[in-house]
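A short worksheet on the structure shown next.
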Amino acid sequence: MVNKYYSNYFKSISQGLEESLYYANQQVSEPELFFETIKHALIKLRETKSKIYFFGNGASAAFANHMALDFSKNGKILSRSLSDSALLTALSNDYSYENAMLEFLKIEGVTNDDLVITISSSGNSPNIVSVLNYCKENQIRSLALSGLKKDNKSISLADYSIYVPMKTYGMVECIHQIFLHLILDESMEIFEWDREDFQNMNISSFKL
C-alpha cells in the first residue's frame with residue numbers, strides 16, 4: 001500500500017496558504033495590497049528605529065522568540081518577545097497569566113510608533129486578546145496571525161490579520177511560520193527564486 005500521508009500533508013500546507021484570508025481593519029484585503037502595506041510598515045519601523053513586539057503561547061511563543069531574533073539581527077528592526085522565564089512567572093504571579101504579556105508591553109514602554117504581532121492558532125487565547133484589546137484602545141498598530149475558527153477574537157481586534165482556515169494546530173503553526181518569514185524576507189528583499197548564490201548570515205561572509 002502506498003503511504004500518501006506525506007503527500008496529503010504537503011497538499012494541505014499548500015491549500016492552507018492559498019486559502020488564507022487577509023484583513024485590514026476587519027475588512028478582507030487582497031494579498032498583494034496586504035503584503036505591500038505590511039512591507040512599507042516594516043520599512044518605516046526600520047527607518048524610525050521603532051520596535052516590534054511578538055507574543056505567543058507554547059509553540060507560538062517559540063515562533064515569537066525566533067522572529068524577534070531574526071527581525072533584530074537580520075532585519076535590523078529591534079524586536080522583543082517575553083522569553084525571560086523569571087519575568088514571565090513574576091508577571092503571571094503578580095498580575096495573572098492573562099495579563100502578563102500586557103504588563104510586559106507596559107514595562108517596555110510600547111508607543112504608537114511600534115508594532116505588536118500576535119501568534120495564536122485559535123486567536124482566542126486570553127493573554128493574546130488582552131494585548132490586542134490594549135493595542136486597540138491605545139492606537140498601537142497590531143498584526144494578528146490566527147487559524148482554526150473564522151470568528152476568533154484576534155481578527156475582530158487587530159488592525160491587520162492573517163487567518164489560516166485549517167482545522168489542526170500543527171497545520172496552522174506551520175503556515176504561520178511561513179507567513180512570518182515571508183514578511184521578514186520581503187522587507188529585506190530576500191528571495192529564493194531566480195538566484196544562483198547561497199545566502200550566508202555569518203558576518204565574515206555576509207550575503208543576503
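Going by the C-alpha cells order, chains are called A, B, ..., each with residues numbered from 1, while ligands are numbered from 1 in the order shown.
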
Tell me, counting only C-alpha atoms, for each residue of segment 59-88 of chain A within 9 Å of segment 114-136 of chain A, which pair of atoms is nearest and how far apart they are in Å to one decimal, in rows ordered by chain and increasing number, as JSON lines.
{"residue": "A:Ser60", "atom": "CA", "partner": "A:Ile119", "partner_atom": "CA", "distance": 5.7}
{"residue": "A:Ala61", "atom": "CA", "partner": "A:Ile119", "partner_atom": "CA", "distance": 7.8}
{"residue": "A:Phe63", "atom": "CA", "partner": "A:Ile119", "partner_atom": "CA", "distance": 8.0}
{"residue": "A:Ala64", "atom": "CA", "partner": "A:Ile119", "partner_atom": "CA", "distance": 7.4}

Find the residues near segment 146-149 of chain A: any atom within 10 Å, counting only C-alpha atoms, skip ones fewer than 6 places away on the same chain, and give them as a PyMOL selection string.
-> chain A and resi 16+20-21+118-124+155+161-169+171-173+175-176

Just list the residues in segment 5-105 of chain A DSSP gives alpha helix (DSSP H) on the backbone, as number ranges by chain.
-> A: 5-19, 31-48, 59-73, 85-95, 97-105

Each residue of segment 63-108 of chain A lying at most 12 Å from segment 44-56 of chain A should get a row with its shortest atom-to-atom pair and the distance in Å to one decimal, counting only C-alpha atoms; could you produce that, ordered by chain and increasing number, as a Markdown table?
| residue | atom | partner | partner_atom | distance |
| --- | --- | --- | --- | --- |
| A:Phe63 | CA | A:Gly56 | CA | 7.5 |
| A:Ala64 | CA | A:Phe54 | CA | 5.0 |
| A:Asn65 | CA | A:Phe54 | CA | 7.5 |
| A:His66 | CA | A:Phe54 | CA | 9.5 |
| A:Met67 | CA | A:Phe54 | CA | 7.6 |
| A:Ala68 | CA | A:Phe54 | CA | 6.6 |
| A:Leu69 | CA | A:Phe54 | CA | 10.3 |
| A:Asp70 | CA | A:Ile52 | CA | 11.4 |
| A:Phe71 | CA | A:Ile52 | CA | 8.4 |
| A:Ser72 | CA | A:Ile52 | CA | 9.0 |
| A:Asn74 | CA | A:Arg46 | CA | 11.5 |
| A:Gly75 | CA | A:Arg46 | CA | 8.1 |
| A:Lys76 | CA | A:Arg46 | CA | 6.5 |
| A:Ile77 | CA | A:Arg46 | CA | 5.2 |
| A:Leu78 | CA | A:Lys51 | CA | 5.1 |
| A:Ser79 | CA | A:Ile52 | CA | 4.6 |
| A:Arg80 | CA | A:Tyr53 | CA | 4.9 |
| A:Ser81 | CA | A:Phe54 | CA | 5.0 |
| A:Leu82 | CA | A:Phe55 | CA | 7.1 |
| A:Ser83 | CA | A:Phe55 | CA | 9.5 |
| A:Leu88 | CA | A:Phe55 | CA | 11.9 |
| A:Ala100 | CA | A:Phe55 | CA | 10.8 |
| A:Met101 | CA | A:Phe55 | CA | 7.4 |
| A:Leu102 | CA | A:Phe55 | CA | 9.8 |
| A:Phe104 | CA | A:Tyr53 | CA | 9.9 |
| A:Leu105 | CA | A:Tyr53 | CA | 7.9 |
| A:Lys106 | CA | A:Tyr53 | CA | 11.4 |
| A:Glu108 | CA | A:Tyr53 | CA | 9.5 |

Limited to C-alpha atoms, could you put the picked residues into a file as a PDB file, in the first residue's frame?
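Written file, part-v2.pdb:
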ATOM      1  CA  PHE A  63       7.961  31.341  16.966  1.00  0.00           C
ATOM      2  CA  ALA A  64       7.788  34.714  18.740  1.00  0.00           C
ATOM      3  CA  ASN A  65      11.317  34.219  20.110  1.00  0.00           C
ATOM      4  CA  HIS A  66      12.550  33.037  16.710  1.00  0.00           C
ATOM      5  CA  MET A  67      11.149  36.029  14.853  1.00  0.00           C
ATOM      6  CA  ALA A  68      12.301  38.539  17.495  1.00  0.00           C
ATOM      7  CA  LEU A  69      15.793  37.170  16.880  1.00  0.00           C
ATOM      8  CA  ASP A  70      15.565  37.257  13.080  1.00  0.00           C
ATOM      9  CA  PHE A  71      13.972  40.703  12.849  1.00  0.00           C
ATOM     10  CA  SER A  72      16.539  42.164  15.284  1.00  0.00           C
ATOM     11  CA  ASN A  74      18.897  40.229  10.232  1.00  0.00           C
ATOM     12  CA  GLY A  75      16.008  42.607   9.615  1.00  0.00           C
ATOM     13  CA  LYS A  76      17.587  45.444  11.628  1.00  0.00           C
ATOM     14  CA  ILE A  77      14.342  46.192  13.468  1.00  0.00           C
ATOM     15  CA  LEU A  78      14.729  45.895  17.241  1.00  0.00           C
ATOM     16  CA  SER A  79      12.237  43.213  18.265  1.00  0.00           C
ATOM     17  CA  ARG A  80      11.210  41.838  21.624  1.00  0.00           C
ATOM     18  CA  SER A  81       9.383  38.811  22.980  1.00  0.00           C
ATOM     19  CA  LEU A  82       8.573  37.740  26.526  1.00  0.00           C
ATOM     20  CA  SER A  83      11.200  34.984  26.676  1.00  0.00           C
ATOM     21  CA  LEU A  88       7.087  35.783  32.769  1.00  0.00           C
ATOM     22  CA  ALA A 100       1.402  39.024  31.911  1.00  0.00           C
ATOM     23  CA  MET A 101       2.082  39.905  28.282  1.00  0.00           C
ATOM     24  CA  LEU A 102       0.158  43.150  28.600  1.00  0.00           C
ATOM     25  CA  PHE A 104       5.375  43.349  29.751  1.00  0.00           C
ATOM     26  CA  LEU A 105       4.265  45.750  26.999  1.00  0.00           C
ATOM     27  CA  LYS A 106       3.721  48.459  29.574  1.00  0.00           C
ATOM     28  CA  GLU A 108       8.737  48.053  27.761  1.00  0.00           C
TER      29      GLU A 108
END

Among listed residues A:Leu33, A:Ala41, A:Ala24, A:Ala62, nearest Gln177 of chain A (using only C-alpha atoms) = A:Ala62

Just the strand (DSSP E or B) stuff from segment 20-195 of chain A, please, per backbone DSSP, written as a PyMOL selection string.
-> chain A and resi 21-24+27-29+52-56+79-81+115-119+141-147+160-164

Selection: 12 Å around Asn202 of chain A, only C-alpha atoms, excl. self and same-chain fewer than 4 positions, as a PyMOL selection string | chain A and resi 73-74+198+206-208

May I have the residues from that selection written out with C-alpha atoms, as a tab-separated table (two decimals), in the first residue's frame?
chain	number	residue	atom	x	y	z
A	73	LYS	CA	19.70	40.54	13.92
A	74	ASN	CA	18.90	40.23	10.23
A	198	PHE	CA	23.52	30.99	-1.34
A	206	PHE	CA	27.50	38.09	4.99
A	207	LYS	CA	25.27	37.90	1.93
A	208	LEU	CA	21.51	38.37	1.69

May I ask which of the residues A:Cys174, A:Val28, A:Ile190, A:Ile38 is the closest one to Leu143 of chain A, counting only C-alpha atoms?
-> A:Ile38

Correct to one decimal, the distance atom CA of Ser204 of chain A-atom CA of Met188 of chain A is 19.2 Å
